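Text of structure-v7.txt, listed as compact mmCIF, C-alpha atoms and all ligand atoms:
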```
# COMPACT_ATOMS: atom_id res chain seq x y z
CA MET A 103 -108.96 124.38 -157.01
CA GLY A 104 -108.58 126.67 -154.05
CA ILE A 105 -112.00 128.01 -153.18
CA LEU A 106 -112.59 125.30 -150.62
CA GLN A 107 -108.95 125.07 -149.63
CA SER A 108 -108.73 128.74 -148.70
CA LYS A 109 -112.02 128.76 -146.79
CA SER A 110 -111.84 125.37 -145.07
CA ILE A 111 -109.83 126.49 -142.06
CA GLU A 112 -112.20 129.36 -141.45
CA VAL A 113 -115.24 127.13 -141.22
CA SER A 114 -113.84 123.81 -140.01
CA GLU A 115 -112.06 124.78 -136.79
CA ASP A 116 -115.29 125.45 -134.95
CA THR A 117 -117.98 124.02 -137.14
CA GLU A 118 -120.75 124.21 -134.53
CA SER A 119 -120.49 127.96 -134.11
CA ASN A 120 -119.57 129.22 -137.57
CA SER A 121 -122.02 131.42 -139.38
CA PHE A 122 -123.03 128.67 -141.81
CA ALA A 123 -124.25 126.23 -139.18
CA LYS A 124 -127.85 126.59 -138.04
CA ASP A 125 -127.97 124.49 -134.88
CA ASP A 126 -131.29 125.78 -133.58
CA GLY A 127 -132.59 122.27 -132.92
CA SER A 128 -134.56 122.16 -136.16
CA GLU A 129 -131.79 120.57 -138.26
CA GLY A 130 -132.94 117.31 -139.82
CA LYS A 131 -136.29 117.05 -138.03
CA GLU A 132 -138.18 117.07 -141.32
CA ASP A 133 -135.88 114.88 -143.41
CA LYS A 134 -138.54 112.55 -144.76
CA SER A 135 -138.97 113.89 -148.30
CA ILE A 136 -136.05 113.49 -150.64
CA LEU A 137 -135.20 114.30 -154.25
CA VAL A 138 -132.43 112.36 -156.01
CA LEU A 139 -130.97 113.94 -159.15
CA GLY A 140 -129.74 111.23 -161.49
CA ALA A 141 -131.23 107.79 -162.02
CA GLY A 142 -128.00 105.98 -162.89
CA ASN A 143 -126.55 103.13 -160.85
CA PHE A 144 -125.73 105.10 -157.71
CA GLY A 145 -128.68 107.50 -157.73
CA THR A 146 -131.02 104.54 -158.08
CA CYS A 147 -129.46 102.46 -155.30
CA LEU A 148 -129.40 105.39 -152.85
CA ALA A 149 -132.97 106.38 -153.69
CA ASP A 150 -134.09 102.80 -153.17
CA HIS A 151 -132.19 102.57 -149.87
CA LEU A 152 -133.80 105.76 -148.53
CA ALA A 153 -137.26 104.75 -149.76
CA SER A 154 -136.91 101.36 -148.08
CA LEU A 155 -136.24 103.20 -144.79
CA GLY A 156 -139.73 104.74 -145.05
CA ASN A 157 -138.90 108.08 -146.68
CA GLU A 158 -140.84 109.64 -149.54
CA VAL A 159 -138.29 109.62 -152.34
CA THR A 160 -138.55 111.08 -155.83
CA ILE A 161 -135.84 110.35 -158.36
CA TRP A 162 -135.28 112.65 -161.31
CA ALA A 163 -134.35 111.06 -164.63
CA ARG A 164 -133.96 112.57 -168.09
CA SER A 165 -135.59 109.61 -169.79
CA GLN A 166 -139.37 109.14 -169.78
CA GLU A 167 -138.79 105.41 -170.28
CA VAL A 168 -136.77 105.22 -167.03
CA VAL A 169 -139.41 107.27 -165.18
CA ASP A 170 -142.27 105.05 -166.43
CA GLY A 171 -140.35 101.90 -165.54
CA ILE A 172 -139.85 103.08 -161.93
CA ASN A 173 -143.42 104.37 -161.47
CA LEU A 174 -145.22 101.48 -163.15
CA GLN A 175 -142.99 98.41 -162.63
CA HIS A 176 -140.68 99.55 -159.77
CA LYS A 177 -137.72 98.86 -162.03
CA ASN A 178 -135.02 101.03 -163.53
CA VAL A 179 -135.01 99.61 -167.05
CA LYS A 180 -131.62 101.12 -167.89
CA TYR A 181 -129.57 100.57 -164.71
CA LEU A 182 -129.87 97.80 -162.08
CA SER A 183 -132.75 96.43 -164.13
CA HIS A 184 -132.76 93.06 -162.33
CA VAL A 185 -133.80 94.66 -159.03
CA LEU A 186 -137.34 95.31 -157.77
CA LEU A 187 -137.21 98.79 -156.26
CA SER A 188 -139.12 100.06 -153.23
CA GLU A 189 -142.75 101.02 -153.85
CA ASN A 190 -142.08 104.26 -151.91
CA LEU A 191 -139.86 105.37 -154.77
CA LYS A 192 -141.42 107.67 -157.41
CA ALA A 193 -139.78 109.12 -160.51
CA THR A 194 -140.19 112.30 -162.53
CA THR A 195 -138.66 114.13 -165.50
CA VAL A 196 -139.77 117.48 -164.02
CA LEU A 197 -137.47 119.89 -162.19
CA ASN A 198 -139.35 122.96 -160.95
CA GLN A 199 -140.03 125.05 -157.84
CA GLU A 200 -142.87 122.78 -156.72
CA VAL A 201 -140.64 119.68 -156.79
CA PHE A 202 -137.98 121.40 -154.65
CA ASP A 203 -140.49 122.96 -152.24
CA ALA A 204 -141.83 119.48 -151.50
CA VAL A 205 -138.47 118.14 -150.24
CA THR A 206 -135.88 118.96 -147.56
CA VAL A 207 -133.10 116.76 -148.94
CA VAL A 208 -131.56 116.92 -152.42
CA ILE A 209 -128.99 114.30 -153.48
CA CYS A 210 -126.90 114.85 -156.60
CA ALA A 211 -125.80 111.59 -158.26
CA ILE A 212 -124.61 112.96 -161.58
CA PRO A 213 -121.06 112.37 -162.89
CA SER A 214 -118.60 115.12 -161.90
CA GLN A 215 -118.10 116.52 -165.42
CA LEU A 216 -121.88 117.21 -165.64
CA MET A 217 -122.35 118.68 -162.17
CA ARG A 218 -122.12 122.29 -163.28
CA THR A 219 -124.80 121.81 -165.92
CA ILE A 220 -127.28 120.36 -163.45
CA LEU A 221 -126.49 122.92 -160.73
CA GLU A 222 -127.07 125.78 -163.17
CA ARG A 223 -130.47 124.29 -163.86
CA VAL A 224 -131.59 123.75 -160.25
CA LYS A 225 -129.95 126.81 -158.69
CA PRO A 226 -133.16 128.91 -158.69
CA PHE A 227 -134.95 126.26 -156.61
CA LEU A 228 -132.32 125.58 -153.92
CA THR A 229 -132.12 127.22 -150.48
CA THR A 230 -130.04 126.63 -147.30
CA ARG A 231 -133.13 124.82 -145.97
CA HIS A 232 -132.22 121.92 -148.27
CA LEU A 233 -129.74 119.35 -147.07
CA LEU A 234 -127.64 119.08 -150.21
CA ILE A 235 -125.66 115.84 -150.62
CA PHE A 236 -123.17 115.01 -153.38
CA VAL A 237 -121.84 111.56 -154.21
CA ASN A 238 -119.53 112.42 -157.12
CA LYS A 239 -115.97 111.16 -157.25
CA GLY A 240 -114.03 113.20 -159.75
CA ILE A 241 -112.15 116.38 -160.67
CA GLU A 242 -113.57 118.75 -163.27
CA LYS A 243 -111.46 118.99 -166.42
CA GLY A 244 -110.16 122.48 -167.23
CA THR A 245 -110.97 124.10 -163.87
CA LEU A 246 -109.39 121.29 -161.77
CA SER A 247 -112.30 121.78 -159.37
CA PHE A 248 -113.38 119.17 -156.86
CA PRO A 249 -117.16 118.78 -156.42
CA HIS A 250 -117.29 121.08 -153.39
CA ASP A 251 -115.50 123.85 -155.32
CA ILE A 252 -118.07 123.51 -158.11
CA VAL A 253 -120.94 123.73 -155.62
CA VAL A 254 -119.55 126.87 -153.98
CA SER A 255 -118.82 128.56 -157.29
CA GLU A 256 -122.26 127.73 -158.74
CA LEU A 257 -124.48 128.10 -155.65
CA GLY A 258 -122.51 130.52 -153.46
CA GLU A 259 -120.84 130.08 -150.09
CA GLU A 260 -123.88 129.82 -147.85
CA ILE A 261 -125.38 126.86 -149.70
CA GLY A 262 -121.99 125.48 -150.78
CA TYR A 263 -120.44 125.22 -147.32
CA ASN A 264 -123.57 123.52 -146.00
CA ALA A 265 -123.29 120.75 -148.58
CA THR A 266 -122.33 117.21 -147.60
CA PHE A 267 -120.17 114.80 -149.53
CA LEU A 268 -120.88 111.06 -149.25
CA SER A 269 -118.04 108.73 -150.21
CA GLY A 270 -116.42 105.40 -149.41
CA PRO A 271 -116.39 101.78 -150.62
CA SER A 272 -119.89 101.32 -152.02
CA PHE A 273 -120.66 99.45 -155.22
CA ALA A 274 -124.22 100.34 -156.22
CA ALA A 275 -124.97 96.72 -157.10
CA GLU A 276 -124.23 95.68 -153.50
CA VAL A 277 -126.03 98.58 -151.84
CA VAL A 278 -129.20 97.81 -153.77
CA GLU A 279 -129.03 94.20 -152.57
CA ARG A 280 -128.73 95.42 -148.95
CA LYS A 281 -125.22 94.01 -148.65
CA HIS A 282 -123.32 95.45 -145.69
CA THR A 283 -121.69 98.79 -146.59
CA CYS A 284 -119.87 101.55 -144.64
CA VAL A 285 -119.33 105.06 -145.96
CA THR A 286 -118.24 108.53 -144.84
CA ALA A 287 -120.41 111.68 -144.83
CA ALA A 288 -118.22 114.80 -144.78
CA SER A 289 -119.33 118.40 -144.43
CA LEU A 290 -117.55 121.55 -143.35
CA VAL A 291 -120.63 122.16 -141.24
CA HIS A 292 -120.53 119.21 -138.87
CA ILE A 293 -124.23 119.14 -138.07
CA ARG A 294 -124.94 118.70 -141.78
CA ALA A 295 -122.68 115.61 -141.81
CA LEU A 296 -124.56 114.32 -138.75
CA ARG A 297 -127.89 115.00 -140.45
CA THR A 298 -126.73 113.02 -143.50
CA GLN A 299 -125.56 110.22 -141.25
CA LYS A 300 -128.95 110.06 -139.56
CA LEU A 301 -130.73 110.04 -142.90
CA PHE A 302 -128.81 107.12 -144.45
CA HIS A 303 -127.77 105.12 -141.41
CA ALA A 304 -129.11 101.55 -141.15
CA PRO A 305 -127.72 98.28 -139.77
CA HIS A 306 -126.54 97.28 -143.26
CA PHE A 307 -125.49 100.81 -144.28
CA ARG A 308 -123.30 102.44 -141.63
CA VAL A 309 -122.36 106.08 -142.08
CA TYR A 310 -119.37 107.71 -140.33
CA ASP A 311 -119.36 111.50 -140.06
CA ALA A 312 -116.39 113.70 -140.93
CA THR A 313 -115.45 117.33 -141.65
CA ASP A 314 -112.42 116.85 -143.92
CA VAL A 315 -114.25 117.50 -147.17
CA ILE A 316 -111.15 118.09 -149.28
CA GLY A 317 -109.54 114.87 -147.98
CA VAL A 318 -112.65 112.84 -148.76
CA GLU A 319 -112.93 114.39 -152.22
CA VAL A 320 -109.27 113.90 -153.14
CA ALA A 321 -109.46 110.28 -152.02
CA GLY A 322 -112.71 109.61 -153.92
CA ALA A 323 -111.52 111.17 -157.18
CA LEU A 324 -108.03 109.70 -157.23
CA LYS A 325 -108.93 106.14 -156.24
CA ASN A 326 -110.63 105.91 -159.64
CA VAL A 327 -107.37 106.78 -161.40
CA MET A 328 -105.54 104.23 -159.24
CA ALA A 329 -108.17 101.59 -160.11
CA LEU A 330 -107.43 102.21 -163.79
CA ALA A 331 -103.76 101.54 -163.01
CA SER A 332 -104.61 98.40 -161.03
CA GLY A 333 -106.79 97.11 -163.87
CA CYS A 334 -103.97 97.77 -166.36
CA SER A 335 -101.57 95.86 -164.13
CA SER A 336 -103.87 92.82 -164.02
CA GLY A 337 -104.56 93.15 -167.74
CA ILE A 338 -100.89 92.67 -168.59
CA GLY A 339 -100.67 89.67 -166.28
CA LEU A 340 -99.07 91.14 -163.16
CA GLN A 341 -100.01 89.23 -160.02
CA LEU A 342 -100.96 89.92 -156.41
CA ASN A 343 -97.54 91.10 -155.17
CA ALA A 344 -97.68 93.82 -157.79
CA ARG A 345 -101.28 94.73 -156.88
CA ALA A 346 -100.43 95.07 -153.19
CA ALA A 347 -97.43 97.26 -154.07
CA LEU A 348 -99.55 99.38 -156.41
CA ILE A 349 -102.27 99.97 -153.81
CA THR A 350 -99.68 100.89 -151.18
CA ARG A 351 -97.85 103.31 -153.45
CA ALA A 352 -101.20 104.70 -154.69
CA LEU A 353 -102.14 105.47 -151.09
CA ALA A 354 -98.80 107.29 -150.60
CA GLU A 355 -99.38 109.27 -153.82
CA ILE A 356 -102.99 110.21 -152.95
CA THR A 357 -101.93 111.22 -149.43
CA ARG A 358 -99.13 113.47 -150.78
CA ILE A 359 -101.57 115.27 -153.05
CA GLY A 360 -104.27 115.54 -150.40
CA VAL A 361 -101.93 116.91 -147.73
CA LYS A 362 -100.68 119.53 -150.20
CA LEU A 363 -104.32 120.61 -150.63
CA GLY A 364 -104.83 120.90 -146.87
CA ALA A 365 -106.37 117.48 -146.13
CA ASN A 366 -105.94 115.61 -142.86
CA PRO A 367 -103.57 112.68 -143.64
CA LEU A 368 -105.64 110.39 -141.38
CA THR A 369 -108.58 110.70 -143.79
CA PHE A 370 -106.62 108.54 -146.24
CA ALA A 371 -106.53 105.72 -143.70
CA GLY A 372 -110.34 105.85 -143.53
CA LEU A 373 -113.28 104.49 -145.53
CA SER A 374 -113.12 107.15 -148.23
CA GLY A 375 -109.34 106.65 -148.44
CA VAL A 376 -107.82 103.21 -148.25
CA GLY A 377 -111.30 101.63 -147.95
CA ASP A 378 -112.47 102.78 -151.36
CA LEU A 379 -109.00 102.47 -152.89
CA PHE A 380 -108.79 98.83 -151.82
CA LEU A 381 -112.32 98.04 -153.06
CA THR A 382 -111.92 99.64 -156.45
CA CYS A 383 -108.37 98.42 -157.12
CA THR A 384 -109.19 94.79 -156.38
CA SER A 385 -112.55 94.11 -157.98
CA GLU A 386 -113.86 93.40 -161.44
CA LYS A 387 -117.13 94.97 -160.23
CA SER A 388 -115.34 98.33 -160.55
CA ARG A 389 -115.87 100.10 -163.85
CA ASN A 390 -112.54 101.89 -163.50
CA PHE A 391 -110.68 98.64 -162.81
CA THR A 392 -112.47 97.08 -165.79
CA VAL A 393 -111.46 99.90 -168.14
CA GLY A 394 -107.83 99.51 -167.04
CA TYR A 395 -107.97 95.73 -167.39
CA ARG A 396 -109.30 95.94 -170.94
CA LEU A 397 -106.64 98.51 -171.86
CA GLY A 398 -104.03 96.16 -170.46
CA LYS A 399 -105.45 93.44 -172.71
CA GLY A 400 -104.84 95.72 -175.69
CA GLU A 401 -108.31 97.19 -176.37
CA LYS A 402 -108.63 100.80 -177.52
CA LEU A 403 -109.93 103.33 -174.98
CA ASP A 404 -112.75 104.54 -177.26
CA ASP A 405 -114.01 100.98 -177.74
CA VAL A 406 -113.92 100.28 -174.01
CA ILE A 407 -115.83 103.47 -173.14
CA ARG A 408 -118.41 102.90 -175.90
CA THR A 409 -119.25 99.43 -174.62
CA LEU A 410 -119.07 100.12 -170.86
CA GLY A 411 -122.68 101.38 -170.57
CA SER A 412 -121.96 103.51 -167.49
CA VAL A 413 -119.54 106.19 -166.33
CA ALA A 414 -115.93 105.42 -165.31
CA GLU A 415 -115.09 108.72 -163.60
CA GLY A 416 -111.35 108.01 -163.58
CA VAL A 417 -111.08 108.39 -167.34
CA GLU A 418 -112.12 112.06 -167.27
CA THR A 419 -110.27 112.69 -163.99
CA VAL A 420 -106.89 111.53 -165.36
CA PRO A 421 -106.02 114.71 -167.33
CA ALA A 422 -107.24 116.92 -164.46
CA ALA A 423 -105.28 114.94 -161.86
CA TYR A 424 -102.17 115.07 -164.03
CA GLU A 425 -102.45 118.83 -164.44
CA LEU A 426 -103.20 119.29 -160.73
CA CYS A 427 -100.00 117.43 -159.77
CA ARG A 428 -97.96 119.66 -162.11
CA LYS A 429 -99.52 122.74 -160.47
CA LEU A 430 -98.90 121.46 -156.96
CA GLY A 431 -95.38 120.23 -157.78
CA VAL A 432 -96.19 116.78 -156.37
CA ASP A 433 -94.45 113.60 -157.54
CA SER A 434 -97.16 111.41 -159.11
CA PRO A 435 -95.68 108.39 -160.91
CA ILE A 436 -98.88 106.33 -161.01
CA ILE A 437 -101.11 109.17 -162.23
CA ASP A 438 -98.43 110.01 -164.83
CA ALA A 439 -98.34 106.40 -165.98
CA VAL A 440 -102.12 106.23 -166.43
CA HIS A 441 -102.01 109.60 -168.19
CA ALA A 442 -99.40 108.25 -170.63
CA VAL A 443 -101.68 105.32 -171.53
CA LEU A 444 -104.95 107.27 -171.78
CA MET A 445 -103.78 110.61 -173.15
CA LYS A 446 -100.53 109.87 -174.99
CA GLY A 447 -101.50 106.52 -176.48
CA LEU A 448 -98.60 104.49 -175.03
CA THR A 449 -99.27 100.81 -174.43
CA VAL A 450 -99.58 99.54 -170.87
CA ASP A 451 -96.51 97.34 -171.43
CA GLU A 452 -94.41 100.33 -172.53
CA VAL A 453 -95.49 102.41 -169.55
CA PHE A 454 -94.92 99.57 -167.11
CA LYS A 455 -91.38 99.12 -168.41
CA ASN A 456 -90.69 102.84 -167.84
CA VAL A 457 -92.08 102.66 -164.29
CA THR A 458 -89.87 99.71 -163.36
CA HIS A 459 -86.79 101.56 -164.60
CA ARG A 460 -87.28 104.46 -162.18
CA SER A 461 -84.37 105.05 -159.81
CA PRO A 462 -84.63 103.56 -156.28
CA LYS A 463 -86.62 105.72 -153.82
CA SER A 464 -86.93 106.16 -150.08
CA GLU A 465 -90.31 104.81 -148.96
CA LEU A 466 -91.46 107.49 -146.53
CA THR A 467 -90.30 110.52 -148.48
CA HIS A 468 -91.64 109.49 -151.89
N1 LIG A 501 -122.00 103.23 -159.25
C1 LIG A 501 -121.39 103.19 -158.07
O1 LIG A 501 -121.17 102.10 -157.52
C2 LIG A 501 -120.96 104.47 -157.39
C3 LIG A 501 -120.65 104.41 -156.03
C4 LIG A 501 -120.27 105.57 -155.38
C5 LIG A 501 -120.21 106.78 -156.08
N2 LIG A 501 -120.53 106.80 -157.38
C6 LIG A 501 -120.44 108.10 -158.07
O2 LIG A 501 -121.75 108.52 -158.41
C7 LIG A 501 -121.70 109.34 -159.59
C8 LIG A 501 -122.73 108.79 -160.57
O3 LIG A 501 -122.29 107.49 -160.93
P1 LIG A 501 -123.26 106.36 -161.45
O4 LIG A 501 -122.60 105.08 -161.17
O5 LIG A 501 -124.64 106.54 -160.94
O6 LIG A 501 -123.21 106.68 -163.01
P2 LIG A 501 -124.11 106.06 -164.17
O7 LIG A 501 -123.30 106.07 -165.40
O8 LIG A 501 -124.68 104.77 -163.71
O9 LIG A 501 -125.30 107.11 -164.28
C9 LIG A 501 -125.04 108.45 -164.64
C10 LIG A 501 -126.31 109.25 -164.50
O10 LIG A 501 -126.06 110.59 -164.95
C11 LIG A 501 -127.10 110.94 -165.87
N3 LIG A 501 -126.60 111.90 -166.85
C12 LIG A 501 -125.71 111.66 -167.83
N4 LIG A 501 -125.55 112.78 -168.56
C13 LIG A 501 -126.34 113.75 -167.99
C14 LIG A 501 -126.60 115.11 -168.28
N5 LIG A 501 -126.01 115.74 -169.29
N6 LIG A 501 -127.47 115.76 -167.48
C15 LIG A 501 -128.04 115.15 -166.47
N7 LIG A 501 -127.85 113.86 -166.15
C16 LIG A 501 -127.00 113.17 -166.92
C17 LIG A 501 -127.46 109.62 -166.54
O11 LIG A 501 -128.74 109.73 -167.15
C18 LIG A 501 -127.46 108.71 -165.34
O12 LIG A 501 -128.66 108.84 -164.62
C19 LIG A 501 -120.26 109.25 -160.10
O13 LIG A 501 -119.57 110.39 -159.72
C20 LIG A 501 -119.68 108.04 -159.39
O14 LIG A 501 -118.28 108.13 -159.17
C21 LIG A 501 -120.92 105.69 -158.06
O1 LIG A 502 -117.32 101.18 -160.47
P1 LIG A 502 -116.40 102.28 -160.04
O2 LIG A 502 -114.98 102.02 -160.36
O3 LIG A 502 -116.90 103.63 -160.54
O4 LIG A 502 -116.48 102.36 -158.44
C1 LIG A 502 -117.72 102.57 -157.84
C2 LIG A 502 -117.58 103.16 -156.45
O5 LIG A 502 -116.94 104.41 -156.50
C3 LIG A 502 -116.92 102.24 -155.47
O6 LIG A 502 -116.94 102.81 -154.18
```
Take the structure in the file and write it out as structure tokens.
Ligand SMILES: NC(=O)c1ccc[n+]([C@@H]2O[C@H](COP(=O)([O-])OP(=O)(O)OC[C@H]3O[C@@H](n4cnc5c(N)ncnc54)[C@H](O)[C@@H]3O)[C@@H](O)[C@H]2O)c1
Ligand SMILES: O=P(O)(O)OC[C@H](O)CO
Amino acid sequence: MGILQSKSIEVSEDTESNSFAKDDGSEGKEDKSILVLGAGNFGTCLADHLASLGNEVTIWARSQEVVDGINLQHKNVKYLSHVLLSENLKATTVLNQEVFDAVTVVICAIPSQLMRTILERVKPFLTTRHLLIFVNKGIEKGTLSFPHDIVVSELGEEIGYNATFLSGPSFAAEVVERKHTCVTAASLVHIRALRTQKLFHAPHFRVYDATDVIGVEVAGALKNVMALASGCSSGIGLQLNARAALITRALAEITRIGVKLGANPLTFAGLSGVGDLFLTCTSEKSRNFTVGYRLGKGEKLDDVIRTLGSVAEGVETVPAAYELCRKLGVDSPIIDAVHAVLMKGLTVDEVFKNVTHRSPKSELTH
């Protein structure tokens, strides 16, 4: 926490002229060769999207089986296995200088808790020439760092401030089927956000540019925690009135936290804010909602995680979000409730009862 917050004003007030921007007319001209780190659900769908737009895309996977499946059958045998991927998409298990020299764009689609590990590994190969894009939605446990803070601390300010963060309502399973999707690309260096927009933009995949990185990151990380809460609420049988109330109060809670960290409150009314919150809190396609729902039905967290088959970022973000709210001195009843279920072992019914017994509040000040 704090690295980005303390520097954001310095670089965001005049993003076109700050020392990190390189607006010499060459930005983005060569963005045709792309490396995607992480062949999970989201890495695969983004790689396929970019390949289908005519780019040369290489996706890095740890598993030889996944790499062979993509290269030989155009299928990711582990994730999104029902989909035939673009023939422009190649896969590799290799990460070396040659691989990075061959591309101008690097996209990191690794869960937030593993970001540092992968950045340590690729750091020697990255330069400011690369357009570096992150799609993580989480807060690192222990350090309470948002993705951008991790990037700056691992790769330094020059590369870190040039990074872009892509977020918003975007289930991988829909993106890969070319279902209409709108997202936000945020970078402190505005021309990098515009370059990301140009790279991904298509009639079925609209990208809006932004510079409020901390707002977009807070919204992306915390909507996962709120989706756990929404799933819990459905799991114990609460209905749509309760869901609407939860989403509304979740938005108020996320906005309070974001504003305390220096975010623009209007970001939370955008795609990465209420857009993603609404999507994830209302759909069984969401892994976070599903985890919450199963907890509400009485399953044990370990059993749910073991059988999920994919990451639910909210689970690891809960303890970090809880700690962050204590540090900031922000009232966070929904995060606290999810924390009590996940970390203290209370049942969803018990926690819900406690929440309903809170004293009456004033809507706009709480
Ligand atoms: N799936 C979606 O719909 C979606 C949409 C938007 C954003 N995201 C975000 O994208 C990120 C990735 O999510 P996902 O859905 O692709 O997750 P996933 O569980 O489908 O895949 C995770 C990927 O990380 C890799 N990985 C796991 N451990 C690793 C390690 N130690 N080193 C390197 N790689 C490792 C896995 O092999 C896999 O490729 C998350 O932060 C998520 O919030 C996901
Ligand atoms: O399946 P979830 O809950 O991780 O949500 C996926 C995306 O973040 C939705 O935008």
How would you report the residues lying within 8 Å of ligand LIG 501 (chain A), as a ChimeraX atom specification, if you count all atoms listed in the file? /A:139-146,163-165,181,211-214,216-217,219-220,237-240,269-275,322-323,326,388,411-415
Pick the closest to Ser374 of chain A from A:Cys427, A:Val318, A:Leu397, A:Ala346: which is it, counting all atoms listed in the file?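 Of the candidates, the smallest distance to Ser374 of chain A is held by A:Val318.
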Let me make sure I understand: among A:Lys399, A:Lys446, A:Arg351, A:Lys325, which one has the smallest atom-to-atom distance to ligand LIG 502 (chain A) if we use all atoms listed in the file?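 Between A:Lys399, A:Lys446, A:Arg351, A:Lys325, the residue approaching ligand LIG 502 (chain A) most closely is A:Lys325.
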Using atom CA of Ile356 of chain A and atom CA of Val278 of chain A as the two end points, give the distance in Å to one decimal.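 Separating atom CA of Ile356 of chain A from atom CA of Val278 of chain A is a distance of 29.0 Å.
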So that I can see what lies close to Ala288 of chain A, please list as a list in words the residues with an atom at most 7 Å from it, counting only C-alpha atoms and leaving out residues fewer than 3 positions away in the same chain.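 The contact residues come out as Thr266, Phe267, Leu268, Ala295, Asp311, Ala312, Thr313, Asp314 and Val315 of chain A.
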Pick out the residues sitting within 12 Å of segment 244-247 of chain A, and hand them over as a compact mmCIF listing (two decimals) with C-alpha atoms, in the frame of the given file; count all atoms listed in the file, and ignore anything fewer than 4 positions along from it in its own chain.
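Listed below is the output, around_2.txt:
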```txt
# COMPACT_ATOMS: atom_id res chain seq x y z
CA MET A 103 -108.96 124.38 -157.01
CA GLY A 104 -108.58 126.67 -154.05
CA ILE A 105 -112.00 128.01 -153.18
CA LEU A 106 -112.59 125.30 -150.62
CA GLN A 107 -108.95 125.07 -149.63
CA SER A 214 -118.60 115.12 -161.90
CA GLN A 215 -118.10 116.52 -165.42
CA MET A 217 -122.35 118.68 -162.17
CA ARG A 218 -122.12 122.29 -163.28
CA LYS A 239 -115.97 111.16 -157.25
CA GLY A 240 -114.03 113.20 -159.75
CA ASP A 251 -115.50 123.85 -155.32
CA ILE A 252 -118.07 123.51 -158.11
CA VAL A 253 -120.94 123.73 -155.62
CA VAL A 254 -119.55 126.87 -153.98
CA SER A 255 -118.82 128.56 -157.29
CA GLU A 256 -122.26 127.73 -158.74
CA ILE A 316 -111.15 118.09 -149.28
CA GLU A 319 -112.93 114.39 -152.22
CA VAL A 320 -109.27 113.90 -153.14
CA ALA A 323 -111.52 111.17 -157.18
CA LEU A 363 -104.32 120.61 -150.63
CA GLU A 418 -112.12 112.06 -167.27
CA THR A 419 -110.27 112.69 -163.99
CA VAL A 420 -106.89 111.53 -165.36
CA PRO A 421 -106.02 114.71 -167.33
CA ALA A 422 -107.24 116.92 -164.46
CA ALA A 423 -105.28 114.94 -161.86
CA TYR A 424 -102.17 115.07 -164.03
CA GLU A 425 -102.45 118.83 -164.44
CA LEU A 426 -103.20 119.29 -160.73
CA CYS A 427 -100.00 117.43 -159.77
CA ARG A 428 -97.96 119.66 -162.11
CA LYS A 429 -99.52 122.74 -160.47
CA LEU A 430 -98.90 121.46 -156.96
```
One decimal, Å: what's the distance from atom CA of Val450 of chain A over to atom CA of Gly394 of chain A, could you say? 9.1 Å
Out of A:Leu381, A:Ile161, A:Ile136, A:Leu324, which residue has the shortest atom-to-atom distance to Thr298 of chain A when counting only C-alpha atoms?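 Nearest to Thr298 of chain A: A:Ile136.
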Within-10 Å shell of (-110.8, 101.1, -158.7) in input frame, all atoms listed in the file, as a ChimeraX atom specification: /A:271,322,324-333,349,378-394,414,416
Go ahead and find all residues with at least one atom no further than 7 Å from (-140.8, 102.8, -148.5) in the file's coordinates, using all atoms listed in the file; report them as a PDB file with C-alpha atoms, in the coordinates of the input.
```
ATOM      1  CA  ALA A 153    -137.260 104.750-149.760  1.00  0.00           C
ATOM      2  CA  SER A 154    -136.910 101.360-148.080  1.00  0.00           C
ATOM      3  CA  LEU A 155    -136.240 103.200-144.790  1.00  0.00           C
ATOM      4  CA  GLY A 156    -139.730 104.740-145.050  1.00  0.00           C
ATOM      5  CA  ASN A 157    -138.900 108.080-146.680  1.00  0.00           C
ATOM      6  CA  GLU A 158    -140.840 109.640-149.540  1.00  0.00           C
ATOM      7  CA  SER A 188    -139.120 100.060-153.230  1.00  0.00           C
ATOM      8  CA  GLU A 189    -142.750 101.020-153.850  1.00  0.00           C
ATOM      9  CA  ASN A 190    -142.080 104.260-151.910  1.00  0.00           C
ATOM     10  CA  LEU A 191    -139.860 105.370-154.770  1.00  0.00           C
TER      11      LEU A 191
END
```
Measure the distance from atom CA of Phe307 of chain A to atom CA of Ser183 of chain A in Å and round it to one decimal.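 Those two atoms sit 21.6 Å apart.
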Applying 7 Å and only C-alpha atoms, which residues near Lys192 of chain A remain after dropping the ones on its own chain fewer than 3 positions away? List them as a CSV table (one decimal) with C-alpha atoms, keeping the file's coordinate frame.
```csv
chain,number,residue,atom,x,y,z
A,159,VAL,CA,-138.3,109.6,-152.3
A,160,THR,CA,-138.6,111.1,-155.8
A,161,ILE,CA,-135.8,110.4,-158.4
A,172,ILE,CA,-139.8,103.1,-161.9
A,173,ASN,CA,-143.4,104.4,-161.5
```
